[in-house]
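Trainee: For reference, the structure I am asking about is given below.
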Amino acid sequence: MNKRLVLGITGGIAAYKSCELVRLCVKAGIAVDVIMTKAATHFIAPATFQALSGRPVWTDLWDAREPKSMAHIELSRDAAGILVAPASADFMAKVANGFADDLLSTLCLARQPGSPLLVAPAMNVEMWQQPPTRRNKARLVEDGVVVLGPGRGEQACGETGDGRMLEPADLFAHVAALFAPKLLKGKRILMTAGPTEEPIDPVRVITNTSSGKMGYALAQAASDAGATVCLVSGPTSLPTPAGVTRIDVKTAREMFEAVKAQVAGAHVFIAVAAVADYYVKEYSERKLKKREHHPGLTLELAENPDILKWVAQSEKAPFCVGFAAESHDVLENAEAKRRRKGIPLLVANRAQDAFGRDDNQITLIDDNGRHPLPRGTKAALAREIVAHLAAMLDAD
Ligand SMILES: Cc1cc2nc3c(=O)[nH]c(=O)nc-3n(C[C@H](O)[C@H](O)[C@H](O)COP(=O)(O)O)c2cc1C
């Protein structure tokens, strides 16, 4: 695919943030053709985008630089998609109603069927909440336009609320997804991620230090690769990956119920969650008091269900992928776990290298042996796991 993006900039203060977005794209080898509305040029000069993208910036429907004089058609052809960031309230209204009175709106209307159009709204909270803007947003979604955000927080006007444009790094993740090879197109993937929490009393839990980052990165990579992803997640502070359906649970037993309810029809099950092996047998409805248990408290633990084993041994079992986080003898323990659970692919990592971090070092273990991957970000490793999984599914 042509590694080219059309980036539309409309008249909002957040236009300055799109400079950083262009920089991230260029760094990733993506060519960016910037198109600015007239209002956008009041906020930031085209020369800035031209310098950052290293390509001409387009502002005028009647620009004669394009050989056929039809920049509104030629610029979108062969591009991976169009992202408009920031998208003003006015621009959303235009696209929602099919107006084509400047280069950017005409280009959006002239895009080919199936060509992605993403918009990242940025506006004052009141503008965002007005019925016309809400109607326009709903209509855009109905028309297949992907609306990214907006986020919530302090605004340039001094007010606070919904309407902030997503940060450049978040927008870049959506851009990167446009270019990901669709290796898992048509596949339904059920996943678990994060820790579980086993309650002791109304205020205390037994949990672990899993952050959920690896599972969330893998859910994002699988979704970017064209899979339909359902993520059953223990408690984390992470945002839901774009395009992924998320079901929140707390305990291992809740996770098991959610997996049982979702597994029918899944082609692949990926168990990334750090599921507690035990739960507290006698949950106390009342907060336990120190003075009542002095000088020590004994908790009786009972075994939790083995979710991965249950799925792997179920009738019509999907292709199962497990994760093993071990502190010692990582590969030996991981190989034993793969055999014990009877699963085709297992991802081994050292718990001390993995939990809570943004990078990791992993080894994939399958029937052909060990496949160590160089240390990398969890996002990069997730893409490698997706590629390995897709190759195994193809060979299956
Ligand atoms: C200082 C200033 C800041 C503005 N910020 C925004 C904004 O963040 N979002 C928005 O939708 N409109 C904003 N506007 C209004 C738009 O610039 C205006 O509606 C313009 O017509 C949009 O044109 P365009 O959609 O062709 O870019 C702002 C206007 C001014 C004067």
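Residues are named by chain letter and number: chains run A, B, ... in the order of the structure tokens, numbers start at 1 in each chain, and ligands are numbered from 1 in the order shown.
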Can you list, as JSON, numbers by chain, every residue of segment 146-309 of chain A that DSSP puts in helix (DSSP H, G or I)?
Mentor: {"A": [168, 169, 170, 171, 172, 173, 174, 175, 176, 177, 178, 179, 213, 214, 215, 216, 217, 218, 219, 220, 221, 222, 223, 224, 252, 253, 254, 255, 256, 257, 258, 259, 260, 261, 262, 290, 291, 292, 293, 307, 308, 309]}
Trainee: Mind listing the residues within 6 Å of ligand 1, only C-alpha atoms and all ligand atoms counted, as a list of chain:residue names?
Mentor: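 The residues within 6 Å of ligand 1, counting only C-alpha atoms and all ligand atoms, are A:Thr10, A:Gly11, A:Gly12, A:Ile13, A:Thr37, A:Ala39, A:Ala40, A:Ser88, A:Ala89, A:Asp90, A:Phe91, A:Ala122, A:Met123.
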Trainee: For segment 271-282 of chain A, find every residue with an atom within 9 Å (counting only C-alpha atoms), except residues of its own chain fewer than 6 positions away, and show them as a PDB file with C-alpha atoms, in the first residue's frame.
Mentor:
```
ATOM      1  CA  LEU A 190     -11.457 -13.240  22.286  1.00  0.00           C
ATOM      2  CA  MET A 191      -8.803 -12.058  24.719  1.00  0.00           C
ATOM      3  CA  THR A 192      -8.218 -11.546  28.418  1.00  0.00           C
ATOM      4  CA  ALA A 193      -5.870  -8.928  29.885  1.00  0.00           C
ATOM      5  CA  GLY A 194      -4.848  -7.229  33.097  1.00  0.00           C
ATOM      6  CA  PRO A 195      -4.796  -8.544  36.653  1.00  0.00           C
ATOM      7  CA  THR A 196      -7.754  -9.961  38.576  1.00  0.00           C
ATOM      8  CA  GLU A 197      -8.852  -8.857  42.043  1.00  0.00           C
ATOM      9  CA  GLU A 198      -9.971 -11.352  44.664  1.00  0.00           C
ATOM     10  CA  PRO A 199     -11.865  -9.599  47.466  1.00  0.00           C
ATOM     11  CA  ILE A 200     -11.091 -10.277  51.115  1.00  0.00           C
ATOM     12  CA  ILE A 206      -5.635  -9.861  46.595  1.00  0.00           C
ATOM     13  CA  THR A 207      -4.263  -8.839  43.209  1.00  0.00           C
ATOM     14  CA  ASN A 208      -0.985  -8.743  41.265  1.00  0.00           C
ATOM     15  CA  THR A 209       1.155  -6.127  39.532  1.00  0.00           C
ATOM     16  CA  SER A 210       0.036  -6.815  35.959  1.00  0.00           C
ATOM     17  CA  GLY A 212      -2.607  -4.906  31.294  1.00  0.00           C
ATOM     18  CA  MET A 214       0.806  -6.213  26.935  1.00  0.00           C
ATOM     19  CA  GLY A 215      -2.759  -7.458  26.508  1.00  0.00           C
ATOM     20  CA  LEU A 218      -2.023  -7.040  21.530  1.00  0.00           C
ATOM     21  CA  VAL A 232     -12.267  -9.243  28.771  1.00  0.00           C
ATOM     22  CA  SER A 233     -10.278  -7.037  31.094  1.00  0.00           C
ATOM     23  CA  GLY A 234      -9.430  -7.076  34.758  1.00  0.00           C
ATOM     24  CA  THR A 251     -12.423 -11.572  39.850  1.00  0.00           C
ATOM     25  CA  ALA A 252     -11.076 -14.646  38.083  1.00  0.00           C
ATOM     26  CA  ARG A 253     -14.479 -16.271  38.378  1.00  0.00           C
ATOM     27  CA  MET A 255     -13.492 -13.417  33.964  1.00  0.00           C
ATOM     28  CA  LEU A 299      -7.022 -16.578  55.125  1.00  0.00           C
ATOM     29  CA  GLU A 300      -8.128 -19.820  53.530  1.00  0.00           C
ATOM     30  CA  LEU A 301      -7.731 -19.785  49.739  1.00  0.00           C
ATOM     31  CA  ALA A 302      -9.560 -21.905  47.198  1.00  0.00           C
ATOM     32  CA  GLU A 303      -8.447 -22.609  43.645  1.00  0.00           C
ATOM     33  CA  ASN A 304      -9.786 -20.472  40.798  1.00  0.00           C
ATOM     34  CA  PRO A 305     -10.904 -22.039  37.521  1.00  0.00           C
ATOM     35  CA  ASP A 306      -8.218 -22.505  34.852  1.00  0.00           C
ATOM     36  CA  ILE A 307      -9.750 -20.384  32.070  1.00  0.00           C
ATOM     37  CA  LEU A 308      -7.246 -21.181  29.328  1.00  0.00           C
ATOM     38  CA  CYS A 320      -5.482 -20.931  21.792  1.00  0.00           C
ATOM     39  CA  VAL A 321      -2.586 -18.669  22.690  1.00  0.00           C
ATOM     40  CA  GLY A 322      -1.265 -18.525  26.244  1.00  0.00           C
ATOM     41  CA  PHE A 323       1.135 -16.235  28.071  1.00  0.00           C
ATOM     42  CA  ALA A 324       3.538 -17.390  30.749  1.00  0.00           C
ATOM     43  CA  ALA A 325       5.118 -14.847  33.069  1.00  0.00           C
TER      44      ALA A 325
END
```
Trainee: So which bits of segment 17-222 of chain A end up strand (DSSP E) when you DSSP the backbone, as a PDB file with C-alpha atoms, in the first residue's frame?
Mentor:
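The new file states.pdb reads:
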```
ATOM      1  CA  ALA A  31       4.238  10.747   3.456  1.00  0.00           C
ATOM      2  CA  VAL A  32       1.752  13.410   4.542  1.00  0.00           C
ATOM      3  CA  ASP A  33      -0.113  15.706   2.157  1.00  0.00           C
ATOM      4  CA  VAL A  34      -1.467  18.562   4.260  1.00  0.00           C
ATOM      5  CA  ILE A  35      -4.616  20.374   3.194  1.00  0.00           C
ATOM      6  CA  MET A  36      -5.633  23.455   5.146  1.00  0.00           C
ATOM      7  CA  GLY A  81      -6.931   7.490   4.193  1.00  0.00           C
ATOM      8  CA  ILE A  82      -7.893  11.025   5.127  1.00  0.00           C
ATOM      9  CA  LEU A  83      -7.539  12.308   8.687  1.00  0.00           C
ATOM     10  CA  VAL A  84      -8.941  15.719   9.576  1.00  0.00           C
ATOM     11  CA  ALA A  85      -7.356  16.956  12.812  1.00  0.00           C
ATOM     12  CA  PRO A  86      -8.459  19.292  14.190  1.00  0.00           C
ATOM     13  CA  ALA A  87     -11.975  19.002  12.767  1.00  0.00           C
ATOM     14  CA  LEU A 117     -12.150   9.192   6.578  1.00  0.00           C
ATOM     15  CA  LEU A 118     -11.226   9.914  10.198  1.00  0.00           C
ATOM     16  CA  VAL A 119     -12.034  13.169  11.994  1.00  0.00           C
ATOM     17  CA  ALA A 120     -10.673  14.395  15.325  1.00  0.00           C
ATOM     18  CA  PRO A 121     -13.065  17.071  16.614  1.00  0.00           C
ATOM     19  CA  VAL A 146     -14.549   7.411  12.176  1.00  0.00           C
ATOM     20  CA  VAL A 147     -14.829  10.069  14.890  1.00  0.00           C
ATOM     21  CA  GLY A 151     -11.017  14.164  24.906  1.00  0.00           C
ATOM     22  CA  ARG A 152     -12.010  15.956  28.053  1.00  0.00           C
ATOM     23  CA  GLY A 153     -10.154  18.615  30.010  1.00  0.00           C
ATOM     24  CA  GLU A 154      -9.037  22.223  30.125  1.00  0.00           C
ATOM     25  CA  THR A 160     -13.361  22.777  30.909  1.00  0.00           C
ATOM     26  CA  GLY A 161     -15.140  19.776  29.416  1.00  0.00           C
ATOM     27  CA  ASP A 162     -15.427  17.607  26.310  1.00  0.00           C
ATOM     28  CA  GLY A 163     -13.978  19.014  23.115  1.00  0.00           C
ATOM     29  CA  ARG A 164     -10.198  18.736  23.395  1.00  0.00           C
ATOM     30  CA  ARG A 188     -12.926 -13.133  15.667  1.00  0.00           C
ATOM     31  CA  ILE A 189     -10.571 -12.938  18.619  1.00  0.00           C
ATOM     32  CA  LEU A 190     -11.457 -13.240  22.286  1.00  0.00           C
ATOM     33  CA  MET A 191      -8.803 -12.058  24.719  1.00  0.00           C
ATOM     34  CA  THR A 192      -8.218 -11.546  28.418  1.00  0.00           C
ATOM     35  CA  ALA A 193      -5.870  -8.928  29.885  1.00  0.00           C
ATOM     36  CA  GLU A 198      -9.971 -11.352  44.664  1.00  0.00           C
ATOM     37  CA  PRO A 199     -11.865  -9.599  47.466  1.00  0.00           C
ATOM     38  CA  ILE A 200     -11.091 -10.277  51.115  1.00  0.00           C
ATOM     39  CA  ASP A 201     -13.595  -7.830  52.573  1.00  0.00           C
ATOM     40  CA  ARG A 204      -9.329  -5.240  50.535  1.00  0.00           C
ATOM     41  CA  VAL A 205      -8.351  -7.422  47.604  1.00  0.00           C
ATOM     42  CA  ILE A 206      -5.635  -9.861  46.595  1.00  0.00           C
TER      43      ILE A 206
END
```
Trainee: Quick one: residues within 8 Å of segment 61-73 of chain A, only C-alpha atoms, excluding same-chain residues fewer than 5 positions away - as a list in words?
Mentor: Asp102, Leu103, Leu104, Thr106, Leu107, Ala110 and Arg111 of chain A
Trainee: List the spatial neighbours of Met392 of chain A as a ChimeraX atom specification - criterion: any atom at most 9 Å away, only C-alpha atoms, same-chain residues fewer than 4 positions off excluded.
Mentor: /A:344-345,387-388,396
Trainee: Can I get the selection written as a JSON list (two decimals), in the first residue's frame, with C-alpha atoms?
Mentor:
```
[["chain", "number", "residue", "atom", "x", "y", "z"],
["A", 344, "PRO", "CA", -0.39, -24.49, 20.00],
["A", 345, "LEU", "CA", 1.28, -21.16, 20.85],
["A", 387, "ALA", "CA", 2.28, -11.83, 12.38],
["A", 388, "HIS", "CA", 3.34, -15.17, 13.93],
["A", 396, "ASP", "CA", -3.61, -24.59, 10.18]]
```
Trainee: Need to verify the contact set: Asp394 of chain A, 12 Å, only C-alpha atoms, exclusion of same-chain residues closer than 6 positions in sequence. Can you return it as a list in words?
Mentor: Leu183, Leu184, Lys185, Lys187, Phe319, Ala387 and His388 of chain A
Trainee: Using only C-alpha atoms, determine which residues lie at most 9 Å from Ala93 of chain A, disregarding the query and same-chain residues fewer than 2 positions distant; provide the list as a short mmCIF file (atom, residue, chain, number, x, y, z; two decimals) with N, CA and C atoms, in the first residue's frame.
Mentor:
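Result file part35.cif:
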```
data_model
loop_
_atom_site.label_atom_id
_atom_site.label_comp_id
_atom_site.auth_asym_id
_atom_site.auth_seq_id
_atom_site.Cartn_x
_atom_site.Cartn_y
_atom_site.Cartn_z
N SER A 88 -13.12 21.14 12.86
CA SER A 88 -13.96 22.18 13.48
C SER A 88 -15.43 21.76 13.44
N ALA A 89 -16.23 22.43 14.24
CA ALA A 89 -17.68 22.18 14.22
C ALA A 89 -18.22 22.46 12.83
N ASP A 90 -17.71 23.55 12.23
CA ASP A 90 -18.15 23.94 10.89
C ASP A 90 -17.83 22.87 9.87
N PHE A 91 -16.62 22.31 9.96
CA PHE A 91 -16.21 21.29 8.99
C PHE A 91 -17.06 20.03 9.15
N VAL A 95 -19.28 18.23 6.14
CA VAL A 95 -19.13 16.85 5.66
C VAL A 95 -20.41 16.06 5.94
N ALA A 96 -21.03 16.31 7.09
CA ALA A 96 -22.26 15.57 7.43
C ALA A 96 -23.37 15.87 6.44
N ASN A 97 -23.29 17.04 5.80
CA ASN A 97 -24.37 17.43 4.88
C ASN A 97 -23.95 17.46 3.43
N GLY A 98 -22.74 16.99 3.16
CA GLY A 98 -22.31 16.89 1.76
C GLY A 98 -21.94 18.20 1.10
N PHE A 99 -21.59 19.22 1.90
CA PHE A 99 -21.16 20.47 1.27
C PHE A 99 -19.76 20.30 0.68
N PRO A 132 -26.99 20.75 17.09
CA PRO A 132 -26.56 20.56 15.69
C PRO A 132 -25.25 19.77 15.59
N THR A 133 -24.30 20.06 16.49
CA THR A 133 -23.01 19.32 16.42
C THR A 133 -23.24 17.85 16.74
N ARG A 135 -25.96 16.17 16.26
CA ARG A 135 -26.63 15.55 15.09
C ARG A 135 -25.59 15.26 14.00
N ASN A 136 -24.72 16.25 13.77
CA ASN A 136 -23.72 16.07 12.70
C ASN A 136 -22.78 14.92 13.01
N LYS A 137 -22.40 14.80 14.29
CA LYS A 137 -21.51 13.70 14.68
C LYS A 137 -22.21 12.36 14.42
#
```
Trainee: Let me make sure I understand: among A:Thr48, A:Gln112, A:Gln130, A:Thr236, which one has the smallest atom-to-atom distance to Ala80 of chain A if we use only C-alpha atoms?
Mentor: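 Looking at the shortest contact to Ala80 of chain A, the residue is A:Gln112.
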Trainee: Just checking: using only C-alpha atoms, which residue out of A:Ala180, A:Leu5, A:Ile270, A:Leu171 ends up closest to Pro116 of chain A?
Mentor: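 Closest to Pro116 of chain A of all the choices is A:Leu5.
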Trainee: State, in Å with one decimal place, the distance from atom CA of Asp101 of chain A to atom CA of Pro113 of chain A.
Mentor: 20.6 Å
Trainee: Let me make sure I understand: among A:Lys213, A:Met92, A:His174, A:Cys19, which one has the smallest atom-to-atom distance to Val141 of chain A if we use only C-alpha atoms?
Mentor: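 The closest residue to Val141 of chain A is A:Met92.
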Trainee: Rank A:Ala348, A:Ala264, A:Leu297, A:Ala395 by their smallest atom-to-atom distance to Val311 of chain A, using only C-alpha atoms, and report the top residue only.
Mentor: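 Selected residue with least distance to Val311 of chain A: A:Ala264.
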